[in-house]
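Undergrad: I'm passing along final_36.pdb; it holds PDB, C-alpha atoms.
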ATOM      1  CA  MET A  26      14.049 134.122 152.530  1.00  0.00           C
ATOM      2  CA  ASN A  27      10.686 132.569 153.249  1.00  0.00           C
ATOM      3  CA  ASP A  28      10.354 132.409 157.034  1.00  0.00           C
ATOM      4  CA  GLN A  29       8.811 128.918 156.761  1.00  0.00           C
ATOM      5  CA  THR A  30      11.895 127.396 155.150  1.00  0.00           C
ATOM      6  CA  PRO A  31      13.892 126.642 158.323  1.00  0.00           C
ATOM      7  CA  ARG A  32      10.889 124.987 159.974  1.00  0.00           C
ATOM      8  CA  GLN A  33       9.950 123.030 156.837  1.00  0.00           C
ATOM      9  CA  TYR A  34      13.546 121.938 156.273  1.00  0.00           C
ATOM     10  CA  ASP A  35      13.894 120.785 159.884  1.00  0.00           C
ATOM     11  CA  ARG A  36      10.598 118.856 159.753  1.00  0.00           C
ATOM     12  CA  VAL A  37      11.594 117.015 156.597  1.00  0.00           C
ATOM     13  CA  ILE A  38      15.028 116.213 158.008  1.00  0.00           C
ATOM     14  CA  GLU A  39      13.463 114.963 161.246  1.00  0.00           C
ATOM     15  CA  GLN A  40      11.214 112.647 159.217  1.00  0.00           C
ATOM     16  CA  CYS A  41      14.264 111.328 157.335  1.00  0.00           C
ATOM     17  CA  ARG A  42      16.322 111.010 160.521  1.00  0.00           C
ATOM     18  CA  THR A  43      13.571 109.102 162.328  1.00  0.00           C
ATOM     19  CA  LEU A  44      13.393 106.537 159.531  1.00  0.00           C
ATOM     20  CA  PHE A  45      17.196 106.337 159.296  1.00  0.00           C
ATOM     21  CA  LEU A  46      17.554 105.628 163.024  1.00  0.00           C
ATOM     22  CA  ALA A  47      14.726 103.077 162.989  1.00  0.00           C
ATOM     23  CA  LYS A  48      16.538 101.248 160.202  1.00  0.00           C
ATOM     24  CA  ALA A  49      19.813 101.560 162.118  1.00  0.00           C
ATOM     25  CA  HIS A  50      18.083  99.849 165.021  1.00  0.00           C
ATOM     26  CA  ASP A  51      16.859  97.040 162.756  1.00  0.00           C
ATOM     27  CA  TYR A  52      19.902  96.624 160.490  1.00  0.00           C
ATOM     28  CA  GLY A  53      22.775  98.237 162.355  1.00  0.00           C
ATOM     29  CA  THR A  54      25.249  99.891 160.011  1.00  0.00           C
ATOM     30  CA  ALA A  55      25.025  97.315 157.220  1.00  0.00           C
ATOM     31  CA  TRP A  56      25.348 100.255 154.802  1.00  0.00           C
ATOM     32  CA  ARG A  57      29.047 100.407 155.750  1.00  0.00           C
ATOM     33  CA  ILE A  58      29.576  97.542 153.264  1.00  0.00           C
ATOM     34  CA  LEU A  59      28.680  99.863 150.385  1.00  0.00           C
ATOM     35  CA  ARG A  60      31.399 101.627 148.444  1.00  0.00           C
ATOM     36  CA  LEU A  61      30.600 105.161 147.268  1.00  0.00           C
ATOM     37  CA  PRO A  62      29.747 104.082 143.690  1.00  0.00           C
ATOM     38  CA  SER A  63      27.228 101.605 145.118  1.00  0.00           C
ATOM     39  CA  ILE A  64      25.626 104.360 147.188  1.00  0.00           C
ATOM     40  CA  THR A  65      25.517 106.552 144.084  1.00  0.00           C
ATOM     41  CA  ASP A  66      23.771 103.720 142.241  1.00  0.00           C
ATOM     42  CA  GLN A  67      21.241 103.305 145.086  1.00  0.00           C
ATOM     43  CA  ILE A  68      20.396 107.004 144.820  1.00  0.00           C
ATOM     44  CA  TYR A  69      20.138 106.609 141.043  1.00  0.00           C
ATOM     45  CA  ILE A  70      17.619 103.767 141.408  1.00  0.00           C
ATOM     46  CA  LYS A  71      15.435 105.947 143.644  1.00  0.00           C
ATOM     47  CA  ALA A  72      15.631 109.009 141.374  1.00  0.00           C
ATOM     48  CA  GLN A  73      15.033 106.949 138.226  1.00  0.00           C
ATOM     49  CA  ARG A  74      11.891 105.407 139.774  1.00  0.00           C
ATOM     50  CA  ILE A  75      10.582 108.881 140.582  1.00  0.00           C
ATOM     51  CA  ARG A  76      11.233 110.078 137.026  1.00  0.00           C
ATOM     52  CA  SER A  77       9.684 106.970 135.510  1.00  0.00           C
ATOM     53  CA  ILE A  78       6.499 107.460 137.528  1.00  0.00           C
ATOM     54  CA  GLN A  79       6.437 111.181 136.694  1.00  0.00           C
ATOM     55  CA  GLU A  80       6.723 110.407 132.980  1.00  0.00           C
ATOM     56  CA  LYS A  81       4.257 107.505 132.896  1.00  0.00           C
ATOM     57  CA  GLY A  82       1.750 109.085 135.244  1.00  0.00           C
ATOM     58  CA  VAL A  83       1.038 105.647 136.675  1.00  0.00           C
ATOM     59  CA  GLN A  84       2.796 103.499 139.220  1.00  0.00           C
ATOM     60  CA  LEU A  85       2.313  99.776 139.711  1.00  0.00           C
ATOM     61  CA  VAL A  86       4.190  99.447 143.007  1.00  0.00           C
ATOM     62  CA  GLN A  87       2.240 101.450 145.550  1.00  0.00           C
ATOM     63  CA  GLU A  88       5.192 102.860 147.470  1.00  0.00           C
ATOM     64  CA  PRO A  89       4.877 106.653 147.658  1.00  0.00           C
ATOM     65  CA  ILE A  90       7.261 108.880 145.713  1.00  0.00           C
ATOM     66  CA  ASP A  91       7.908 110.791 148.931  1.00  0.00           C
ATOM     67  CA  ASP A  92       9.490 107.631 150.352  1.00  0.00           C
ATOM     68  CA  GLU A  93      11.965 107.678 147.464  1.00  0.00           C
ATOM     69  CA  PHE A  94      12.912 111.306 148.166  1.00  0.00           C
ATOM     70  CA  VAL A  95      13.396 110.393 151.851  1.00  0.00           C
ATOM     71  CA  ALA A  96      15.646 107.524 150.743  1.00  0.00           C
ATOM     72  CA  ILE A  97      17.661 109.920 148.567  1.00  0.00           C
ATOM     73  CA  VAL A  98      18.204 112.181 151.586  1.00  0.00           C
ATOM     74  CA  ASN A  99      19.319 109.272 153.738  1.00  0.00           C
ATOM     75  CA  TYR A 100      21.577 107.704 151.106  1.00  0.00           C
ATOM     76  CA  CYS A 101      23.211 111.103 150.588  1.00  0.00           C
ATOM     77  CA  VAL A 102      23.870 111.317 154.336  1.00  0.00           C
ATOM     78  CA  ILE A 103      25.279 107.772 154.237  1.00  0.00           C
ATOM     79  CA  ALA A 104      27.568 108.795 151.360  1.00  0.00           C
ATOM     80  CA  LEU A 105      28.762 111.843 153.295  1.00  0.00           C
ATOM     81  CA  MET A 106      29.428 109.718 156.374  1.00  0.00           C
ATOM     82  CA  GLN A 107      31.325 107.158 154.293  1.00  0.00           C
ATOM     83  CA  LEU A 108      33.400 109.957 152.739  1.00  0.00           C
ATOM     84  CA  HIS A 109      34.457 111.222 156.147  1.00  0.00           C
ATOM     85  CA  LEU A 110      35.027 107.927 157.957  1.00  0.00           C
ATOM     86  CA  PRO A 111      38.617 106.754 158.201  1.00  0.00           C
ATOM     87  CA  ALA A 112      39.556 103.849 155.941  1.00  0.00           C
ATOM     88  CA  ASP A 113      39.982 101.559 158.940  1.00  0.00           C
ATOM     89  CA  ALA A 114      36.604 102.371 160.534  1.00  0.00           C
ATOM     90  CA  PRO A 115      34.765  99.210 161.591  1.00  0.00           C
ATOM     91  CA  LEU A 116      31.711  97.980 159.715  1.00  0.00           C
ATOM     92  CA  ASP A 117      29.614  97.977 162.867  1.00  0.00           C
ATOM     93  CA  LEU A 118      29.342 101.464 164.311  1.00  0.00           C
ATOM     94  CA  ASP A 119      27.663 102.556 167.506  1.00  0.00           C
ATOM     95  CA  VAL A 120      24.152 103.763 166.677  1.00  0.00           C
ATOM     96  CA  ASP A 121      24.444 106.781 168.995  1.00  0.00           C
ATOM     97  CA  ALA A 122      27.677 107.830 167.277  1.00  0.00           C
ATOM     98  CA  VAL A 123      26.015 107.359 163.880  1.00  0.00           C
ATOM     99  CA  ALA A 124      23.074 109.512 165.002  1.00  0.00           C
ATOM    100  CA  ALA A 125      25.498 112.256 166.052  1.00  0.00           C
ATOM    101  CA  THR A 126      27.340 112.015 162.733  1.00  0.00           C
ATOM    102  CA  TYR A 127      24.019 112.131 160.861  1.00  0.00           C
ATOM    103  CA  ASP A 128      23.212 115.345 162.724  1.00  0.00           C
ATOM    104  CA  GLU A 129      26.641 116.832 161.903  1.00  0.00           C
ATOM    105  CA  GLU A 130      26.297 116.108 158.186  1.00  0.00           C
ATOM    106  CA  VAL A 131      22.772 117.502 158.087  1.00  0.00           C
ATOM    107  CA  ALA A 132      23.861 120.611 160.004  1.00  0.00           C
ATOM    108  CA  GLU A 133      26.532 121.202 157.362  1.00  0.00           C
ATOM    109  CA  ASN A 134      23.905 120.802 154.647  1.00  0.00           C
ATOM    110  CA  ARG A 135      21.518 123.148 156.413  1.00  0.00           C
ATOM    111  CA  LYS A 136      24.241 125.795 156.502  1.00  0.00           C
ATOM    112  CA  LEU A 137      24.838 125.285 152.772  1.00  0.00           C
ATOM    113  CA  LEU A 138      21.123 125.553 152.056  1.00  0.00           C
ATOM    114  CA  PHE A 139      20.750 128.902 153.765  1.00  0.00           C
ATOM    115  CA  ALA A 140      23.867 130.321 152.115  1.00  0.00           C
ATOM    116  CA  LYS A 141      22.589 129.283 148.677  1.00  0.00           C
ATOM    117  CA  ASN A 142      19.053 130.426 149.493  1.00  0.00           C
ATOM    118  CA  HIS A 143      20.446 133.859 150.258  1.00  0.00           C
ATOM    119  CA  ASP A 144      22.216 134.048 146.906  1.00  0.00           C
ATOM    120  CA  TYR A 145      19.521 132.382 144.772  1.00  0.00           C
ATOM    121  CA  GLY A 146      16.490 133.896 146.505  1.00  0.00           C
ATOM    122  CA  GLU A 147      14.807 130.530 147.074  1.00  0.00           C
ATOM    123  CA  ALA A 148      14.403 129.955 143.345  1.00  0.00           C
ATOM    124  CA  TRP A 149      13.703 126.275 144.123  1.00  0.00           C
ATOM    125  CA  ARG A 150      10.232 127.262 145.367  1.00  0.00           C
ATOM    126  CA  GLN A 151       9.307 128.143 141.770  1.00  0.00           C
ATOM    127  CA  MET A 152      10.641 124.882 140.362  1.00  0.00           C
ATOM    128  CA  ARG A 153       8.628 121.872 139.308  1.00  0.00           C
ATOM    129  CA  VAL A 154       9.276 118.674 141.258  1.00  0.00           C
ATOM    130  CA  SER A 155       9.992 116.995 137.906  1.00  0.00           C
ATOM    131  CA  SER A 156      12.805 119.516 137.315  1.00  0.00           C
ATOM    132  CA  ILE A 157      14.220 118.776 140.746  1.00  0.00           C
ATOM    133  CA  THR A 158      14.180 115.075 139.843  1.00  0.00           C
ATOM    134  CA  ASP A 159      16.058 115.852 136.632  1.00  0.00           C
ATOM    135  CA  ILE A 160      18.643 117.914 138.518  1.00  0.00           C
ATOM    136  CA  ILE A 161      19.193 115.056 140.972  1.00  0.00           C
ATOM    137  CA  LEU A 162      19.672 112.678 138.026  1.00  0.00           C
ATOM    138  CA  MET A 163      22.116 115.115 136.393  1.00  0.00           C
ATOM    139  CA  LYS A 164      24.106 115.373 139.631  1.00  0.00           C
ATOM    140  CA  LEU A 165      24.124 111.583 139.836  1.00  0.00           C
ATOM    141  CA  HIS A 166      25.537 111.405 136.327  1.00  0.00           C
ATOM    142  CA  ARG A 167      28.207 113.943 137.306  1.00  0.00           C
ATOM    143  CA  THR A 168      28.998 111.957 140.449  1.00  0.00           C
ATOM    144  CA  LYS A 169      29.357 108.742 138.451  1.00  0.00           C
ATOM    145  CA  GLN A 170      31.729 110.512 136.040  1.00  0.00           C
ATOM    146  CA  ILE A 171      33.831 111.806 138.944  1.00  0.00           C
ATOM    147  CA  GLU A 172      33.886 108.341 140.517  1.00  0.00           C
ATOM    148  CA  ASP A 173      34.938 106.813 137.188  1.00  0.00           C
ATOM    149  CA  LEU A 174      37.770 109.382 137.077  1.00  0.00           C
ATOM    150  CA  HIS A 175      38.757 108.292 140.613  1.00  0.00           C
ATOM    151  CA  GLY A 176      38.231 111.861 141.785  1.00  0.00           C
ATOM    152  CA  ARG A 177      40.814 113.309 139.397  1.00  0.00           C
ATOM    153  CA  THR A 178      38.882 116.264 138.018  1.00  0.00           C
ATOM    154  CA  LEU A 179      39.899 119.516 136.388  1.00  0.00           C
ATOM    155  CA  ALA A 180      37.054 121.850 137.348  1.00  0.00           C
ATOM    156  CA  SER A 181      34.548 119.917 139.470  1.00  0.00           C
ATOM    157  CA  GLU A 182      33.678 120.564 143.091  1.00  0.00           C
ATOM    158  CA  GLY A 183      33.843 116.808 143.624  1.00  0.00           C
ATOM    159  CA  VAL A 184      31.452 114.153 144.838  1.00  0.00           C
ATOM    160  CA  GLU A 185      30.826 115.695 148.251  1.00  0.00           C
ATOM    161  CA  ALA A 186      29.320 118.849 146.738  1.00  0.00           C
ATOM    162  CA  ASN A 187      27.081 116.735 144.520  1.00  0.00           C
ATOM    163  CA  TYR A 188      25.849 114.594 147.426  1.00  0.00           C
ATOM    164  CA  ARG A 189      25.128 117.759 149.416  1.00  0.00           C
ATOM    165  CA  ASP A 190      23.210 119.308 146.533  1.00  0.00           C
ATOM    166  CA  MET A 191      21.204 116.127 145.920  1.00  0.00           C
ATOM    167  CA  LEU A 192      20.316 115.959 149.600  1.00  0.00           C
ATOM    168  CA  ASN A 193      19.017 119.520 149.569  1.00  0.00           C
ATOM    169  CA  TYR A 194      17.137 119.069 146.306  1.00  0.00           C
ATOM    170  CA  ALA A 195      15.402 115.983 147.731  1.00  0.00           C
ATOM    171  CA  VAL A 196      14.392 118.053 150.779  1.00  0.00           C
ATOM    172  CA  PHE A 197      13.086 120.775 148.443  1.00  0.00           C
ATOM    173  CA  ALA A 198      10.979 118.192 146.594  1.00  0.00           C
ATOM    174  CA  LEU A 199       9.532 116.940 149.868  1.00  0.00           C
ATOM    175  CA  ILE A 200       8.717 120.486 150.945  1.00  0.00           C
ATOM    176  CA  LEU A 201       7.095 121.266 147.606  1.00  0.00           C
ATOM    177  CA  ARG A 202       5.110 118.018 147.695  1.00  0.00           C
ATOM    178  CA  GLY A 203       3.748 119.021 151.090  1.00  0.00           C
ATOM    179  CA  ALA A 204       5.533 116.380 153.147  1.00  0.00           C
ATOM    180  CA  ALA A 205       6.700 119.037 155.590  1.00  0.00           C
ATOM    181  CA  ALA A 206       3.094 119.945 156.379  1.00  0.00           C
ATOM    182  CA  GLN A 207       2.266 116.307 157.102  1.00  0.00           C
ATOM    183  CA  VAL A 208       5.026 115.929 159.685  1.00  0.00           C
ATOM    184  CA  GLY A 209       4.355 117.021 163.271  1.00  0.00           C
TER     185      GLY A 209
END
Please re-express this file's structure in structure tokens.

TA:
Amino acid sequence: MNDQTPRQYDRVIEQCRTLFLAKAHDYGTAWRILRLPSITDQIYIKAQRIRSIQEKGVQLVQEPIDDEFVAIVNYCVIALMQLHLPADAPLDLDVDAVAATYDEEVAENRKLLFAKNHDYGEAWRQMRVSSITDIILMKLHRTKQIEDLHGRTLASEGVEANYRDMLNYAVFALILRGAAAQVG
């Protein structure tokens, strides 16, 4: 494994976490209103914008693509938190508790990343960012199918695995785009 990967991963996650917590300060946990399919659709909007810009080569709204990948990371963490919250959890959650839960979900993803990196030999480093975008869109399509089946699948790992993979792929894209070098 590339010895830079843990540091780059942590820098990207810290960038995402900082934005997430700033928004939690401003908006509280308004995201608690969203059902999982709505979160999936939010991620889809971000990934589709990235793909559209990649295909057209021009963007009219001058919001950086990296911001969309950061949003994908954070929406995936939101989805994971929503999956694990009890049905009767309040809409307004304590920001410190949310920060701790964010860290727990990301720690689980980090563990997954390094296990897969071991097996796949960091193949993602040889991928094009456009391919990563396509994989995120494919996983979104899979997630939507699973949601439409109400989780009743025959061979799928389920929505959690897809959210975890999308989170890591978005981090990979940010690393490949050099966002990790720009942070701290």

Undergrad: For Ile161 in chain A, which residue out of A:Leu201, A:Val120, A:Ile38, A:Ile68 is the nearest one, using all atoms listed in the file?

TA: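 Of A:Leu201, A:Val120, A:Ile38, A:Ile68, the one nearest Ile161 in chain A, counting all atoms listed in the file, is A:Ile68.
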
Undergrad: Applying the PyMOL selection byres ((chain A and resi 134) around 12) to the file I just gave you, which residues come out? Please list them as a CSV table (one decimal) with C-alpha atoms, keeping the file's coordinate frame.

TA:
chain,number,residue,atom,x,y,z
A,34,TYR,CA,13.5,121.9,156.3
A,35,ASP,CA,13.9,120.8,159.9
A,38,ILE,CA,15.0,116.2,158.0
A,98,VAL,CA,18.2,112.2,151.6
A,101,CYS,CA,23.2,111.1,150.6
A,102,VAL,CA,23.9,111.3,154.3
A,105,LEU,CA,28.8,111.8,153.3
A,127,TYR,CA,24.0,112.1,160.9
A,128,ASP,CA,23.2,115.3,162.7
A,129,GLU,CA,26.6,116.8,161.9
A,130,GLU,CA,26.3,116.1,158.2
A,131,VAL,CA,22.8,117.5,158.1
A,132,ALA,CA,23.9,120.6,160.0
A,133,GLU,CA,26.5,121.2,157.4
A,135,ARG,CA,21.5,123.1,156.4
A,136,LYS,CA,24.2,125.8,156.5
A,137,LEU,CA,24.8,125.3,152.8
A,138,LEU,CA,21.1,125.6,152.1
A,139,PHE,CA,20.8,128.9,153.8
A,140,ALA,CA,23.9,130.3,152.1
A,141,LYS,CA,22.6,129.3,148.7
A,142,ASN,CA,19.1,130.4,149.5
A,185,GLU,CA,30.8,115.7,148.3
A,186,ALA,CA,29.3,118.8,146.7
A,187,ASN,CA,27.1,116.7,144.5
A,188,TYR,CA,25.8,114.6,147.4
A,189,ARG,CA,25.1,117.8,149.4
A,190,ASP,CA,23.2,119.3,146.5
A,191,MET,CA,21.2,116.1,145.9
A,192,LEU,CA,20.3,116.0,149.6
A,193,ASN,CA,19.0,119.5,149.6
A,194,TYR,CA,17.1,119.1,146.3
A,195,ALA,CA,15.4,116.0,147.7
A,196,VAL,CA,14.4,118.1,150.8

Undergrad: Let me make sure I understand: among A:Val83, A:Ala49, A:Leu110, A:Ile157, which one has the smallest atom-to-atom distance to Ile200 in chain A if we use only C-alpha atoms?

TA: A:Ile157

Undergrad: Need the shell around Arg57 in chain A: protein/DNA/RNA residues with any atom at most 9 Å away, counting only C-alpha atoms. Skip same-chain ones fewer than 5 positions apart. Format as a list in words?

TA: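 Non-adjacent residues within range: Ile103, Gln107, Pro115, Leu116, Asp117 and Leu118 of chain A.
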
Undergrad: Take the residues from that selection and write them out as a PDB file, in the coordinates of the input, keeping C-alpha atoms.

TA:
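Final file, part.pdb:
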ATOM      1  CA  ILE A 103      25.279 107.772 154.237  1.00  0.00           C
ATOM      2  CA  GLN A 107      31.325 107.158 154.293  1.00  0.00           C
ATOM      3  CA  PRO A 115      34.765  99.210 161.591  1.00  0.00           C
ATOM      4  CA  LEU A 116      31.711  97.980 159.715  1.00  0.00           C
ATOM      5  CA  ASP A 117      29.614  97.977 162.867  1.00  0.00           C
ATOM      6  CA  LEU A 118      29.342 101.464 164.311  1.00  0.00           C
TER       7      LEU A 118
END

Undergrad: I'd like the neighbourhood of Asp66 in chain A as a list in words, where a residue qualifies if any of its atoms comes within 12 Å (using only C-alpha atoms), though same-chain residues fewer than 4 positions away should be ignored.

TA: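 Contacts, in chain order: Leu59, Arg60, Leu61, Pro62, Ile70, Lys71, Ala72, Gln73, Ile97, Tyr100, Cys101, Ala104, Leu162, Lys164, Leu165, His166, Thr168, Lys169 and Glu172 of chain A.
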
Undergrad: Suppose you want the space between CA of Ile160 in chain A and CA of Ala198 in chain A; what is it in Å?

TA: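 Going from CA of Ile160 in chain A over to CA of Ala198 in chain A covers 11.1 Å.
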
Undergrad: Quote the spacing between CA of Arg36 in chain A and CA of Lys48 in chain A in Å to one decimal place.

TA: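 These atoms are spaced 18.6 Å apart.
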
Undergrad: Between CA of Glu93 in chain A and CA of Leu199 in chain A, measure the distance and give it in Å to one decimal.

TA: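 CA of Leu199 in chain A lies 9.9 Å from CA of Glu93 in chain A.
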
Undergrad: Would you list the contacts of Val123 in chain A as a list in words, taking every protein, DNA or RNA residue within 9 Å and counting all atoms listed in the file, but skipping same-chain residues closer than 6 positions in sequence?

TA: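 In the requested form, the answer reads Leu46, Ala49, Thr54 and Met106 of chain A.
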
Undergrad: My list of candidates is A:Arg202, A:Arg76, A:Arg32, A:Lys81. Which is closest to Arg150 in chain A when distances are computed with all atoms listed in the file?

TA: A:Arg202

Undergrad: Pick the closest to Gly146 in chain A from A:Asn27, A:Thr126, A:Gln33, A:Thr43: which is it, counting all atoms listed in the file?

TA: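 Using all atoms listed in the file, the shortest distance to Gly146 in chain A belongs to A:Asn27.
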